[in-house]
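What follows is one structure encoded as structure tokens, with my remarks underneath.
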Amino acid sequence: MILSVIFYVFVVCTVIQLSYLFFLASFLSKVKRPRKTKIEIPVSVIILVKNQGENIRNLLPLIIEQTHSNFEIVLIDNASSDETSDIIESFAEKHSNIKIVTVENNEAFWASKKYALTLGIKASKYDHLLFTDADCHPVSKDWITEMSRNYTSKKAIILGYKKYKKENTFLNLFIRFENLTTAIKCFGFSKRNLSYMAFNGNYAYNKATFFKVNGFINHMKINFGEANLFIRDASTKENTTICLSENSFIETDAPTSFSKWFADKKDVDSIKKDYKFKHRFLLNGFTFTKVLFYALAITLLFTYSYTLTLSVIAFYFITNYIIIGLSAKKLNEPQIIFFVPFLEIGLLLFQISIFIVNLKSKPNHWK
């Protein structure tokens, strides 16, 4: 009797997981692309830099050679103490569309990334903004055009994709898989008008939307999560869209240190408590039912009908495999599909570890 109840709970968890998968898979449907016009809107590309001289030296030529007809580059030097200032000034001397915003440390906003970004946004010349990071690079010369063409009279926030460069290591594969699953949730939720996050190196919004919610004022003292918490405050059902054309992608090097990556993901996870209730409910429900699915699957394989249990597990894995495979293809993520079952179990254990660590320690918001 008890085993039958457990099996029914297992089936319910499976149905919930499959419902989530189909819910998230909505982003795989063809996105209605804006009509191409000869008129390109002017764009301010915002890049925050702090002691990243070599990164910005590599990035700027890729931004400068973008094919977009009218854009400026706003470089926010956030109190750098290395050669960064000299490097960006040398570029500015050669290119008139580069603007430098120098931010000095002050007692009220010591080393605050959001304070520096606010100054850069206010100093930008154009109303349409596009954000990236110094350690990223666009995969195409049409990045600015591809992202900005999604701006319309109704769409004021654009979510793009940031991917990691492929390397032949297991850590790289695992990190890229985690990034892919994050993208599936990000774009799947957004397609259902439930946007809750953005990839830090590739998103856009206009000034009116920024000032409408008073910028980062609601979370200024949290010195990370500027993209996700801004989306929380500013995104609505009508004003947000996604851009998934391959030419709109941004790429960056994957972390090579597991401990550093774990610490970064721990910080990101710590701000989930600040999300809207509906987002927390859906995200936590997805993780909880997945943990329960695996726990019950293992239990039932040894205590209940092996054939029946295995049939349910097989149906889940086939569906999961297809949706993740199609997502990997759409987002140009090679190799991942071959290792999905092992990567998913590993990622689940990774997420549980982060959850436990965050219960025991409070992250330092002021870095």
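Order determines the names: the first chain of the structure tokens is A, the second B, and so forth; residues in each chain are numbered 1 upward, and ligands are numbered 1 upward as they are shown.
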* To do: Could you find all residues in region 119-316 of chain A that DSSP calls strand (DSSP E) from the backbone, and write them as a PyMOL selection string?
  => chain A and resi 128-133+136-138+157-159+162-164+203-206+240-242+250-252
* **Spatial neighbours of Gln17 (chain A), 7 Å, only C-alpha atoms, chain gap at least 3 places, as a list in words** =>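 Skipping anything fewer than 3 positions along the chain leaves Cys13, Thr14, Tyr20, Leu21, Phe286, Thr289 and Lys290 of chain A.
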Residues just named, written with N, CA and C atoms as a PDB file, in the first residue's frame:
ATOM      1  N   CYS A  13       5.323  13.661  -9.685  1.00  0.00           N
ATOM      2  CA  CYS A  13       6.574  14.424  -9.865  1.00  0.00           C
ATOM      3  C   CYS A  13       7.038  14.372 -11.313  1.00  0.00           C
ATOM      4  N   THR A  14       6.886  13.207 -11.926  1.00  0.00           N
ATOM      5  CA  THR A  14       7.274  13.055 -13.332  1.00  0.00           C
ATOM      6  C   THR A  14       6.422  13.950 -14.227  1.00  0.00           C
ATOM      7  N   TYR A  20       6.971  21.202 -16.782  1.00  0.00           N
ATOM      8  CA  TYR A  20       7.993  22.253 -16.778  1.00  0.00           C
ATOM      9  C   TYR A  20       8.783  22.242 -18.085  1.00  0.00           C
ATOM     10  N   LEU A  21       9.165  21.052 -18.516  1.00  0.00           N
ATOM     11  CA  LEU A  21       9.966  20.944 -19.737  1.00  0.00           C
ATOM     12  C   LEU A  21       9.226  21.516 -20.945  1.00  0.00           C
ATOM     13  N   PHE A 286      10.413  23.581  -9.547  1.00  0.00           N
ATOM     14  CA  PHE A 286      11.126  22.814 -10.570  1.00  0.00           C
ATOM     15  C   PHE A 286      12.249  21.999  -9.954  1.00  0.00           C
ATOM     16  N   THR A 289      10.799  19.186  -7.254  1.00  0.00           N
ATOM     17  CA  THR A 289      10.189  17.998  -7.864  1.00  0.00           C
ATOM     18  C   THR A 289      11.224  17.157  -8.620  1.00  0.00           C
ATOM     19  N   LYS A 290      12.296  17.818  -9.089  1.00  0.00           N
ATOM     20  CA  LYS A 290      13.347  17.038  -9.751  1.00  0.00           C
ATOM     21  C   LYS A 290      14.123  16.205  -8.725  1.00  0.00           C
TER      22      LYS A 290
END
Could you produce a table of the residues of region 160-225 of chain A lying within 12 Å of region 44-54 of chain A, with the nearest pair of atoms per residue and their separation in Å rounded to one decimal, using only C-alpha atoms, ordered by chain and increasing residue number, as CSV?
residue,atom,partner,partner_atom,distance
A:Asn200,CA,A:Ile47,CA,10.8
A:Gly201,CA,A:Ile47,CA,9.1
A:Asn202,CA,A:Val45,CA,10.4
A:Tyr203,CA,A:Val45,CA,10.3
A:Ala204,CA,A:Val45,CA,9.0
A:Tyr205,CA,A:Ser44,CA,10.4
A:Asn206,CA,A:Ser44,CA,9.7
A:Lys207,CA,A:Ser44,CA,10.3
* Asked: Within 10 Å of region 227-240 of chain A, counting only C-alpha atoms, which residues qualify if same-chain residues fewer than 2 places away don't, as a VMD selection string?
  -> chain A and resid 114 131 150 to 159 190 to 205 209 to 220 222 224 to 225 242 268 271 to 272 274 to 276 279
With N, CA and C atoms retained, write the just-selected residues as a short mmCIF file (atom, residue, chain, number, x, y, z; two decimals), in the first residue's frame.
data_model
loop_
_atom_site.label_atom_id
_atom_site.label_comp_id
_atom_site.auth_asym_id
_atom_site.auth_seq_id
_atom_site.Cartn_x
_atom_site.Cartn_y
_atom_site.Cartn_z
N LYS A 114 27.07 49.06 -9.15
CA LYS A 114 25.80 49.65 -9.59
C LYS A 114 25.86 51.18 -9.59
N PHE A 131 24.45 46.37 -23.04
CA PHE A 131 25.46 46.11 -22.01
C PHE A 131 26.28 44.86 -22.33
N ASN A 150 15.65 44.64 -32.07
CA ASN A 150 14.50 44.14 -31.32
C ASN A 150 13.80 45.23 -30.51
N TYR A 151 14.43 46.40 -30.44
CA TYR A 151 13.75 47.53 -29.80
C TYR A 151 12.55 47.94 -30.65
N THR A 152 11.40 48.09 -30.01
CA THR A 152 10.21 48.61 -30.69
C THR A 152 9.54 49.60 -29.74
N SER A 153 8.41 50.11 -30.16
CA SER A 153 7.68 51.04 -29.30
C SER A 153 7.19 50.36 -28.02
N LYS A 154 7.05 49.01 -28.07
CA LYS A 154 6.58 48.27 -26.90
C LYS A 154 7.70 47.52 -26.18
N LYS A 155 8.70 47.06 -26.94
CA LYS A 155 9.76 46.25 -26.36
C LYS A 155 10.94 47.13 -25.95
N ALA A 156 11.12 47.23 -24.63
CA ALA A 156 12.16 48.12 -24.08
C ALA A 156 13.29 47.35 -23.42
N ILE A 157 13.12 46.04 -23.22
CA ILE A 157 14.15 45.20 -22.61
C ILE A 157 14.42 44.01 -23.52
N ILE A 158 15.70 43.76 -23.82
CA ILE A 158 16.07 42.68 -24.73
C ILE A 158 17.05 41.75 -24.02
N LEU A 159 16.72 40.48 -23.99
CA LEU A 159 17.57 39.48 -23.34
C LEU A 159 18.33 38.69 -24.39
N SER A 190 10.83 33.83 -20.04
CA SER A 190 10.59 35.10 -20.73
C SER A 190 9.56 34.94 -21.84
N LYS A 191 9.64 33.83 -22.58
CA LYS A 191 8.68 33.59 -23.65
C LYS A 191 7.27 33.46 -23.09
N ARG A 192 7.17 33.07 -21.83
CA ARG A 192 5.87 32.96 -21.17
C ARG A 192 5.52 34.23 -20.38
N ASN A 193 6.22 35.31 -20.70
CA ASN A 193 5.98 36.61 -20.06
C ASN A 193 6.25 36.58 -18.56
N LEU A 194 7.29 35.83 -18.17
CA LEU A 194 7.66 35.73 -16.76
C LEU A 194 9.17 35.98 -16.59
N SER A 195 9.70 36.96 -17.27
CA SER A 195 11.14 37.23 -17.24
C SER A 195 11.62 37.49 -15.81
N TYR A 196 12.74 36.87 -15.46
CA TYR A 196 13.26 37.04 -14.10
C TYR A 196 14.78 37.25 -14.07
N MET A 197 15.47 37.13 -15.21
CA MET A 197 16.92 37.27 -15.20
C MET A 197 17.42 37.69 -16.58
N ALA A 198 18.69 38.05 -16.62
CA ALA A 198 19.37 38.36 -17.88
C ALA A 198 20.81 37.91 -17.75
N PHE A 199 21.45 37.58 -18.87
CA PHE A 199 22.87 37.26 -18.86
C PHE A 199 23.66 38.57 -18.79
N ASN A 200 24.50 38.68 -17.78
CA ASN A 200 25.20 39.94 -17.51
C ASN A 200 25.91 40.53 -18.71
N GLY A 201 26.48 39.72 -19.57
CA GLY A 201 27.27 40.24 -20.67
C GLY A 201 26.51 40.55 -21.93
N ASN A 202 25.17 40.38 -21.91
CA ASN A 202 24.44 40.54 -23.16
C ASN A 202 22.96 40.82 -22.93
N TYR A 203 22.64 42.05 -22.64
CA TYR A 203 21.25 42.46 -22.51
C TYR A 203 21.15 43.95 -22.80
N ALA A 204 19.92 44.40 -23.02
CA ALA A 204 19.72 45.80 -23.42
C ALA A 204 18.43 46.33 -22.82
N TYR A 205 18.41 47.62 -22.57
CA TYR A 205 17.17 48.31 -22.20
C TYR A 205 17.34 49.79 -22.48
N THR A 209 13.10 53.14 -19.29
CA THR A 209 12.79 51.99 -18.43
C THR A 209 13.66 52.00 -17.19
N PHE A 210 14.92 52.39 -17.35
CA PHE A 210 15.85 52.46 -16.22
C PHE A 210 15.38 53.49 -15.19
N PHE A 211 15.04 54.67 -15.66
CA PHE A 211 14.67 55.75 -14.74
C PHE A 211 13.26 55.55 -14.18
N LYS A 212 12.43 54.82 -14.88
CA LYS A 212 11.06 54.57 -14.40
C LYS A 212 11.06 53.80 -13.09
N VAL A 213 12.07 52.93 -12.90
CA VAL A 213 12.15 52.15 -11.65
C VAL A 213 13.26 52.68 -10.75
N ASN A 214 13.70 53.92 -11.04
CA ASN A 214 14.78 54.54 -10.26
C ASN A 214 16.06 53.72 -10.27
N GLY A 215 16.34 53.16 -11.42
CA GLY A 215 17.60 52.43 -11.61
C GLY A 215 17.77 51.28 -10.64
N PHE A 216 18.91 51.26 -9.97
CA PHE A 216 19.26 50.16 -9.06
C PHE A 216 18.96 50.51 -7.60
N ILE A 217 18.19 51.55 -7.36
CA ILE A 217 18.02 52.07 -6.01
C ILE A 217 17.49 51.02 -5.03
N ASN A 218 16.65 50.10 -5.52
CA ASN A 218 16.05 49.10 -4.63
C ASN A 218 17.02 48.03 -4.17
N HIS A 219 18.17 47.94 -4.84
CA HIS A 219 19.14 46.90 -4.47
C HIS A 219 20.57 47.42 -4.58
N MET A 220 20.75 48.72 -4.35
CA MET A 220 22.07 49.33 -4.50
C MET A 220 23.12 48.73 -3.57
N ILE A 222 23.48 45.71 -2.67
CA ILE A 222 23.91 44.36 -3.07
C ILE A 222 24.81 44.56 -4.29
N PHE A 224 26.14 42.91 -6.55
CA PHE A 224 26.10 42.00 -7.70
C PHE A 224 24.62 41.79 -8.02
N GLY A 225 24.35 41.04 -9.07
CA GLY A 225 22.96 40.79 -9.44
C GLY A 225 22.28 41.98 -10.07
N ILE A 242 13.21 38.41 -26.28
CA ILE A 242 14.48 37.70 -26.33
C ILE A 242 15.06 37.79 -27.73
N VAL A 268 25.24 34.29 -6.95
CA VAL A 268 24.07 34.43 -7.82
C VAL A 268 22.85 33.77 -7.17
N ILE A 271 20.79 35.66 -4.26
CA ILE A 271 19.82 36.74 -4.49
C ILE A 271 18.46 36.22 -4.93
N LYS A 272 18.32 34.90 -5.08
CA LYS A 272 17.02 34.36 -5.49
C LYS A 272 15.93 34.68 -4.47
N ASP A 274 15.40 37.38 -3.28
CA ASP A 274 14.90 38.72 -3.61
C ASP A 274 14.05 38.74 -4.87
N TYR A 275 13.87 37.59 -5.51
CA TYR A 275 13.01 37.53 -6.70
C TYR A 275 11.55 37.68 -6.29
N LYS A 276 10.70 37.93 -7.26
CA LYS A 276 9.26 37.95 -7.00
C LYS A 276 8.80 36.57 -6.57
N HIS A 279 8.21 33.85 -9.23
CA HIS A 279 9.43 33.29 -9.82
C HIS A 279 10.09 32.31 -8.84
#
Give me, as a tab-separated table, the closest atom pair and its distance (Å, one decimal) for every residue of region 8-67 of chain A within a cut-off of 12 Å of region 324-340 of chain A, counting only C-alpha atoms, rows sorted by chain and rising number.
residue	atom	partner	partner_atom	distance
A:Leu21	CA	A:Ile324	CA	9.0
A:Phe22	CA	A:Ile324	CA	11.0
A:Leu24	CA	A:Ser327	CA	10.1
A:Ala25	CA	A:Ser327	CA	7.9
A:Ser26	CA	A:Ser327	CA	10.4
A:Phe27	CA	A:Ser327	CA	8.7
A:Leu28	CA	A:Ser327	CA	6.8
A:Ser29	CA	A:Lys330	CA	10.2
A:Lys30	CA	A:Lys330	CA	10.5
A:Val31	CA	A:Lys330	CA	11.7
Would you write out those residues with C-alpha atoms, as a short mmCIF file (atom, residue, chain, number, x, y, z; two decimals), in the first residue's frame?
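The result, stored in part_13.cif:
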data_model
loop_
_atom_site.label_atom_id
_atom_site.label_comp_id
_atom_site.auth_asym_id
_atom_site.auth_seq_id
_atom_site.Cartn_x
_atom_site.Cartn_y
_atom_site.Cartn_z
CA LEU A 21 9.97 20.94 -19.74
CA PHE A 22 7.18 21.70 -22.20
CA LEU A 24 10.30 26.00 -20.92
CA ALA A 25 10.52 24.57 -24.44
CA SER A 26 8.31 27.41 -25.65
CA PHE A 27 11.43 29.44 -26.45
CA LEU A 28 12.31 26.87 -29.11
CA SER A 29 9.39 27.99 -31.25
CA LYS A 30 10.27 30.40 -33.99
CA VAL A 31 10.67 33.90 -32.63
#
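Of note, CA of Asn223 (chain A) and CA of Lys278 (chain A) are spaced 24.0 Å apart.
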* To do: Identify which of the residues A:Thr145, A:Thr307, A:Ser19, A:Ser112 lies closest to Lys221 (chain A), counting only C-alpha atoms when measuring atom-to-atom distances.
  => A:Ser112
Within 10 Å of Asn58 (chain A) using only C-alpha atoms, minus same-chain residues under 6 positions, as a JSON list (two decimals) with C-alpha atoms, in the first residue's frame:
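Output saved as around_2.json:
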[["chain", "number", "residue", "atom", "x", "y", "z"],
["A", 134, "ALA", "CA", 35.14, 43.46, -20.52],
["A", 135, "ASP", "CA", 35.88, 39.72, -20.48],
["A", 136, "CYS", "CA", 33.33, 39.00, -23.24],
["A", 137, "HIS", "CA", 33.40, 39.35, -26.98]]
* To do: Could you tell me, as a VMD selection string, which residues of region 136-303 of chain A DSSP assigns to alpha helix (DSSP H) when given the backbone?
  => chain A and resid 143 to 148 170 to 191 207 to 212 226 to 234 258 to 270 277 to 303
* Quick one, how far is CA of Asp267 (chain A) from CA of Glu226 (chain A)? -> 12.1 Å
* **Near-Ser80 (chain A) list (12 Å; only C-alpha atoms; drop same-chain fewer than 3 positions) as a ChimeraX atom specification** => /A:48-53,75-77,83-88,101-105,111,116
* Structure fact -> Between A:Lys94, A:Lys163, A:His128, A:Lys273, smallest distance to Pro42 (chain A) by only C-alpha atoms belongs to A:His128
